[in-house]
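A.B. asks: One file is attached below, query00.tsv, containing TSV, C-alpha atoms.
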chain	number	residue	atom	x	y	z
A	1	MET	CA	65.60	19.64	-50.33
A	2	SER	CA	64.62	17.17	-47.61
A	3	TYR	CA	66.16	19.49	-44.99
A	4	PHE	CA	64.11	22.52	-46.04
A	5	GLY	CA	61.09	20.28	-46.67
A	6	ASN	CA	61.14	19.08	-43.05
A	7	ILE	CA	61.36	22.68	-41.85
A	8	ALA	CA	58.32	23.57	-43.97
A	9	ILE	CA	56.31	20.61	-42.62
A	10	GLY	CA	57.25	21.52	-39.01
A	11	ALA	CA	56.24	25.14	-39.51
A	12	LYS	CA	52.95	24.11	-41.12
A	13	THR	CA	51.96	21.67	-38.36
A	14	THR	CA	53.03	24.14	-35.64
A	15	TRP	CA	50.94	26.88	-37.22
A	16	LYS	CA	47.94	24.50	-37.47
A	17	GLY	CA	48.21	23.68	-33.78
A	18	LEU	CA	48.54	27.34	-32.83
A	19	MET	CA	45.47	28.26	-34.88
A	20	LEU	CA	43.46	25.58	-33.07
A	21	SER	CA	44.63	26.90	-29.69
A	22	ILE	CA	43.86	30.50	-30.67
A	23	ARG	CA	40.37	29.52	-31.83
A	24	TYR	CA	39.58	27.80	-28.52
A	25	PHE	CA	41.12	30.75	-26.68
A	26	PHE	CA	38.52	33.14	-28.10
A	27	GLN	CA	35.71	30.59	-27.66
A	28	ALA	CA	36.62	30.32	-23.98
A	29	ARG	CA	35.06	33.76	-23.42
A	30	PHE	CA	31.72	31.92	-23.30
A	31	GLY	CA	30.72	29.14	-20.94
A	32	ARG	CA	28.73	26.10	-21.84
A	33	LYS	CA	25.47	25.35	-20.09
A	34	LYS	CA	25.88	22.97	-17.15
A	35	GLU	CA	23.96	19.90	-18.22
A	36	TRP	CA	24.56	16.20	-17.90
A	37	VAL	CA	25.32	13.64	-20.57
A	38	GLY	CA	21.70	12.51	-20.97
A	39	GLU	CA	20.59	15.74	-22.62
A	40	ASP	CA	19.91	15.88	-26.37
A	41	ASN	CA	22.81	16.96	-28.59
A	42	TYR	CA	25.18	16.91	-25.60
A	43	PHE	CA	28.27	16.02	-27.64
A	44	GLU	CA	27.48	18.53	-30.38
A	45	LYS	CA	27.79	21.51	-28.04
A	46	ALA	CA	31.55	21.96	-28.26
A	47	ARG	CA	31.76	25.77	-28.10
A	48	GLY	CA	32.86	27.44	-24.90
A	49	THR	CA	34.50	26.17	-21.74
A	50	PHE	CA	33.13	23.31	-19.71
A	51	THR	CA	35.28	23.82	-16.64
A	52	VAL	CA	33.15	23.68	-13.48
A	53	GLN	CA	34.19	25.72	-10.46
A	54	TYR	CA	33.61	22.87	-8.02
A	55	PRO	CA	32.23	22.92	-5.33
A	56	LYS	CA	30.57	26.28	-6.06
A	57	GLU	CA	29.26	24.90	-9.35
A	58	GLN	CA	28.14	21.35	-10.03
A	59	ILE	CA	26.93	19.39	-13.04
A	60	PRO	CA	23.34	18.09	-12.63
A	61	ILE	CA	23.31	14.56	-11.18
A	62	PRO	CA	21.09	11.84	-12.74
A	63	ASP	CA	18.15	10.67	-10.62
A	64	HIS	CA	19.12	7.01	-10.94
A	65	GLY	CA	22.86	7.31	-10.38
A	66	ARG	CA	24.83	4.94	-8.18
A	67	TYR	CA	26.41	6.94	-5.37
A	68	GLN	CA	26.38	6.79	-1.57
A	69	LEU	CA	24.07	4.23	0.07
A	70	HIS	CA	21.45	5.26	2.62
A	71	ASN	CA	19.21	3.08	4.77
A	72	GLU	CA	15.93	4.37	6.18
A	73	ILE	CA	16.25	2.32	9.35
A	74	ASP	CA	12.62	2.89	10.44
A	75	ASP	CA	11.46	0.98	7.33
A	76	CYS	CA	14.10	-1.76	7.59
A	77	ILE	CA	12.80	-5.23	8.55
A	78	VAL	CA	16.38	-6.56	8.99
A	79	CYS	CA	15.80	-9.37	6.49
A	80	ASP	CA	19.56	-9.58	5.75
A	81	LYS	CA	19.00	-9.91	1.99
A	82	CYS	CA	21.20	-6.93	1.17
A	83	ALA	CA	24.12	-8.33	3.18
A	84	LYS	CA	23.80	-11.76	1.55
A	85	ILE	CA	23.73	-10.47	-2.02
A	86	CYS	CA	26.56	-7.95	-1.58
A	87	PRO	CA	29.56	-9.25	-3.61
A	88	VAL	CA	32.14	-7.41	-1.47
A	89	ASP	CA	30.58	-7.86	2.01
A	90	CYS	CA	30.42	-4.14	2.76
A	91	ILE	CA	27.15	-4.43	4.76
A	92	ASP	CA	27.37	-5.63	8.37
A	93	ILE	CA	24.12	-6.43	10.20
A	94	GLU	CA	23.45	-7.71	13.72
A	95	PRO	CA	19.77	-8.71	14.18
A	96	ILE	CA	17.92	-9.24	17.45
A	97	ARG	CA	14.64	-11.12	17.26
A	98	SER	CA	11.63	-9.83	19.16
A	99	PRO	CA	9.06	-12.04	20.93
A	100	GLU	CA	6.26	-10.08	19.27
A	101	VAL	CA	5.58	-7.45	16.62
A	102	PHE	CA	6.75	-4.06	17.88
A	103	GLY	CA	5.76	-1.82	14.98
A	104	GLN	CA	5.40	-1.55	11.23
A	105	THR	CA	7.07	0.12	8.27
A	106	SER	CA	5.62	2.91	6.15
A	107	ASP	CA	4.17	0.32	3.74
A	108	GLY	CA	2.54	-1.69	6.53
A	109	THR	CA	5.09	-4.51	6.84
A	110	PRO	CA	5.27	-5.74	10.48
A	111	LEU	CA	8.55	-5.32	12.38
A	112	ARG	CA	9.75	-8.43	14.22
A	113	ILE	CA	13.54	-7.96	14.29
A	114	HIS	CA	15.58	-5.17	15.86
A	115	ALA	CA	18.66	-3.80	14.08
A	116	ALA	CA	21.35	-3.74	16.75
A	117	LYS	CA	23.89	-3.00	14.05
A	118	PHE	CA	23.54	-1.85	10.45
A	119	ASP	CA	26.84	-0.57	9.08
A	120	ILE	CA	27.81	0.08	5.46
A	121	ASP	CA	31.50	0.41	4.59
A	122	MET	CA	31.50	2.62	1.47
A	123	SER	CA	35.26	2.13	1.06
A	124	LYS	CA	34.49	-1.48	0.02
A	125	CYS	CA	31.34	-0.73	-1.99
A	126	CYS	CA	31.60	-1.43	-5.74
A	127	PHE	CA	28.36	0.51	-6.46
A	128	CYS	CA	26.67	-2.43	-8.20
A	129	GLY	CA	23.23	-1.55	-6.76
A	130	LEU	CA	22.23	-5.18	-6.07
A	131	CYS	CA	21.39	-4.45	-2.42
A	132	THR	CA	18.84	-1.81	-3.43
A	133	VAL	CA	17.18	-4.22	-5.88
A	134	VAL	CA	16.53	-7.04	-3.38
A	135	CYS	CA	15.35	-4.78	-0.53
A	136	PRO	CA	11.66	-5.75	0.02
A	137	THR	CA	10.65	-2.48	1.69
A	138	GLU	CA	12.83	-0.24	-0.55
A	139	CYS	CA	14.45	1.33	2.52
A	140	LEU	CA	17.96	0.90	1.10
A	141	THR	CA	18.62	3.40	-1.69
A	142	MET	CA	21.48	5.16	-3.44
A	143	THR	CA	21.46	8.91	-2.89
A	144	LYS	CA	22.88	11.73	-5.04
A	145	GLU	CA	25.74	12.24	-2.58
A	146	PHE	CA	28.91	11.40	-4.52
A	147	ASP	CA	31.54	13.48	-2.74
A	148	PHE	CA	32.24	11.78	0.58
A	149	SER	CA	36.02	11.85	0.36
A	150	THR	CA	37.93	11.94	3.62
A	151	THR	CA	41.47	11.66	4.97
A	152	ASP	CA	40.49	8.80	7.31
A	153	ILE	CA	39.20	5.61	5.68
A	154	LEU	CA	37.25	4.73	8.84
A	155	ASP	CA	34.96	7.68	8.10
A	156	HIS	CA	33.61	5.70	5.14
A	157	ASN	CA	31.88	3.34	7.55
A	158	PHE	CA	28.31	4.66	7.97
A	159	SER	CA	26.16	3.39	10.84
A	160	PHE	CA	22.35	3.52	10.62
A	161	SER	CA	21.29	1.74	13.81
A	162	LYS	CA	19.56	3.94	16.39
A	163	MET	CA	19.82	1.48	19.30
A	164	THR	CA	22.04	2.22	22.30
A	165	ASP	CA	24.17	-0.39	24.06
A	166	GLN	CA	21.67	-0.51	26.92
A	167	GLU	CA	18.73	-1.09	24.55
A	168	ILE	CA	20.64	-3.84	22.73
A	169	ALA	CA	21.35	-5.64	26.02
A	170	GLU	CA	17.71	-5.32	27.12
A	171	LYS	CA	16.32	-6.68	23.82
A	172	LYS	CA	18.76	-9.60	23.86
A	173	LYS	CA	17.78	-10.52	27.43
A	174	GLU	CA	14.10	-10.15	26.58
A	175	PHE	CA	14.36	-12.65	23.73
A	176	GLU	CA	16.50	-15.05	25.80
A	177	ASP	CA	13.86	-15.00	28.58
A	178	TYR	CA	11.15	-15.61	25.98
A	179	GLN	CA	13.04	-18.61	24.62
A	180	ALA	CA	13.58	-19.99	28.14
A	181	ASP	CA	9.87	-19.61	29.05
A	182	LYS	CA	8.88	-21.26	25.76
A	183	LEU	CA	11.15	-24.20	26.51
A	184	LYS	CA	9.71	-24.59	30.00
A	185	ALA	CA	6.14	-24.51	28.70
A	186	LYS	CA	6.87	-27.31	26.23
A	187	PRO	CA	5.26	-30.57	27.50
A	188	GLU	CA	7.69	-33.36	28.30
A	189	LEU	CA	7.08	-36.75	26.69
A	190	PRO	CA	6.64	-39.70	29.06
A	191	PRO	CA	9.50	-42.19	29.25
A	192	VAL	CA	9.41	-45.10	26.81
A	193	THR	CA	8.80	-48.42	28.54
A	194	SER	CA	7.47	-50.55	25.72
A	195	GLU	CA	6.89	-50.75	22.00
A	196	ALA	CA	3.30	-49.61	22.49
A	197	ASP	CA	4.48	-46.32	24.05
A	198	VAL	CA	6.57	-45.61	20.98
A	199	MET	CA	3.56	-46.17	18.71
A	200	LYS	CA	1.46	-43.75	20.80
A	201	ARG	CA	3.92	-40.90	20.36
A	202	PRO	CA	3.00	-38.31	17.70
A	203	THR	CA	5.04	-38.60	14.56
A	204	ALA	CA	5.75	-36.02	11.92
A	205	LYS	CA	3.63	-36.22	8.80
A	206	PRO	CA	5.52	-37.22	5.66
A	207	VAL	CA	6.08	-34.41	3.21
A	208	PHE	CA	4.89	-35.21	-0.30
A	209	LYS	CA	7.28	-34.14	-3.02
A	210	PRO	CA	5.96	-34.15	-6.59
A	211	ARG	CA	7.94	-36.13	-9.07
A	212	ILE	CA	9.76	-33.87	-11.49
A	213	PRO	CA	10.15	-35.32	-14.99
A	214	LYS	CA	13.68	-35.50	-16.33
A	215	LYS	CA	14.63	-33.11	-19.09
A	216	LYS	CA	15.37	-34.73	-22.41
Kindly return the structure encoded in the file as structure tokens.

C.D. replies:
Amino acid sequence: MSYFGNIAIGAKTTWKGLMLSIRYFFQARFGRKKEWVGEDNYFEKARGTFTVQYPKEQIPIPDHGRYQLHNEIDDCIVCDKCAKICPVDCIDIEPIRSPEVFGQTSDGTPLRIHAAKFDIDMSKCCFCGLCTVVCPTECLTMTKEFDFSTTDILDHNFSFSKMTDQEIAEKKKEFEDYQADKLKAKPELPPVTSEADVMKRPTAKPVFKPRIPKKK
């Protein structure tokens, strides 16, 4: 009896699986609407196929998704906050200070530092979004571009600096000359010959630090 009983159970379960496949086969004549997971009743819409003919068809992308990083370099003040907070060090910045303000961002922030280099290695990025949070001018954002696959990993290194090698060399020399002129213009202190001369020299004012009470 156990022999024929096992055959009956196998036939029953096989038939149940076939009926499920046949039901989905006929439902596959219809396609589901391409919508993303944030829509109402998303998981209740189980009828029809959900296969997307990528790249001809795509599922709608959320507005606040974490995908490829983009830096609007004209609004970047090269504050280096994004590079410091990045947990995987995928942002590489080379700043060049300017002797004076040379422009301003779209929100009116003055520009005082040139971006000789602003590279983002997306092969290292963990898509945490911390760099976009600390950016004071909101020039660093995550776009909707999610498909940037390539056969060469070096292609994942995106450069946003617009400066040429000649411009970088000129700006570096300009700041070095400014520093040298500033050092020359600094008045030299007379040599110390006595205790009275030491007392005449200007001293730095003491910085007052408020006393912080200890926590109990």

A.B. asks: List as a PyMOL selection string the residues having at least one atom at most 10 Å from position (19.0, -8.8, 12.2) as given in the file, counting all atoms listed in the file.

C.D. replies: chain A and resi 76-80+92-97+112-118

A.B. asks: Please report the interatomic distance between atom CA of A:His70 and atom CA of A:Tyr54 in Å with one decimal.

C.D. replies: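 Result for atom CA of A:His70 versus atom CA of A:Tyr54: 23.9 Å, one decimal.
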
A.B. asks: Which value, in Å to one decimal, gives the distance between atom CA of A:Ile120 and atom CA of A:Asp89?

C.D. replies: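 Atom CA of A:Ile120 sits 9.1 Å away from atom CA of A:Asp89.
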
A.B. asks: Nearest residue to A:Lys84 out of A:Cys131, A:Phe4, A:His64, A:Cys139, using all atoms listed in the file?

C.D. replies: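 Ranked by minimum distance to A:Lys84, first place goes to A:Cys131.
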
A.B. asks: Which of these, A:Thr105, A:Thr14, A:Ser123, A:Gln58, has the shortest distance to A:Val88 once you count all atoms listed in the file?

C.D. replies: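 Checking each of A:Thr105, A:Thr14, A:Ser123, A:Gln58 against A:Val88, counting all atoms listed in the file, the winner is A:Ser123.
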
A.B. asks: Please enclose the listed atoms of stretch 174-188 of chain A in an axis-aligned box, pad each side by 4 Å, and write out the centre and the three edge lengths in Å, rounded to one decimal, as JSON.

C.D. replies:
{"center_x": 10.9, "center_y": -21.8, "center_z": 26.9, "size_x": 19.2, "size_y": 31.2, "size_z": 14.3}

A.B. asks: So, with all atoms listed in the file as the atoms that count, which of A:Phe175, A:Asp75, A:Ser159, A:Cys135 lies closest to A:Pro110?

C.D. replies: A:Asp75

A.B. asks: When distances are computed from only C-alpha atoms, which of A:Glu100, A:Glu167, A:Glu72, A:Asp121 shows the smallest separation from A:Cys86?

C.D. replies: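 That would be A:Asp121, the residue with the smallest distance to A:Cys86.
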
A.B. asks: Atom CA of A:Cys82 and atom CA of A:Glu176, how far apart in Å?

C.D. replies: 26.4 Å

A.B. asks: Compare A:Ala180, A:Thr150, A:Ile91, A:Glu39 by their minimum atom-to-atom distance to A:Asn71, counting only C-alpha atoms, and give me the closest one.

C.D. replies: A:Ile91

A.B. asks: Taking only C-alpha atoms into account, which of A:Asp107, A:Ala169, A:Ala8, A:Leu154 comes nearest A:Pro136?

C.D. replies: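 Using only C-alpha atoms, A:Pro136 sits closest to A:Asp107.
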
A.B. asks: Please identify all polymer residues within 10 Å of A:Glu145, counting only C-alpha atoms, omitting same-chain residues fewer than 3 positions from it, and present them as a ChimeraX atom specification.

C.D. replies: /A:61,65-70,142,148
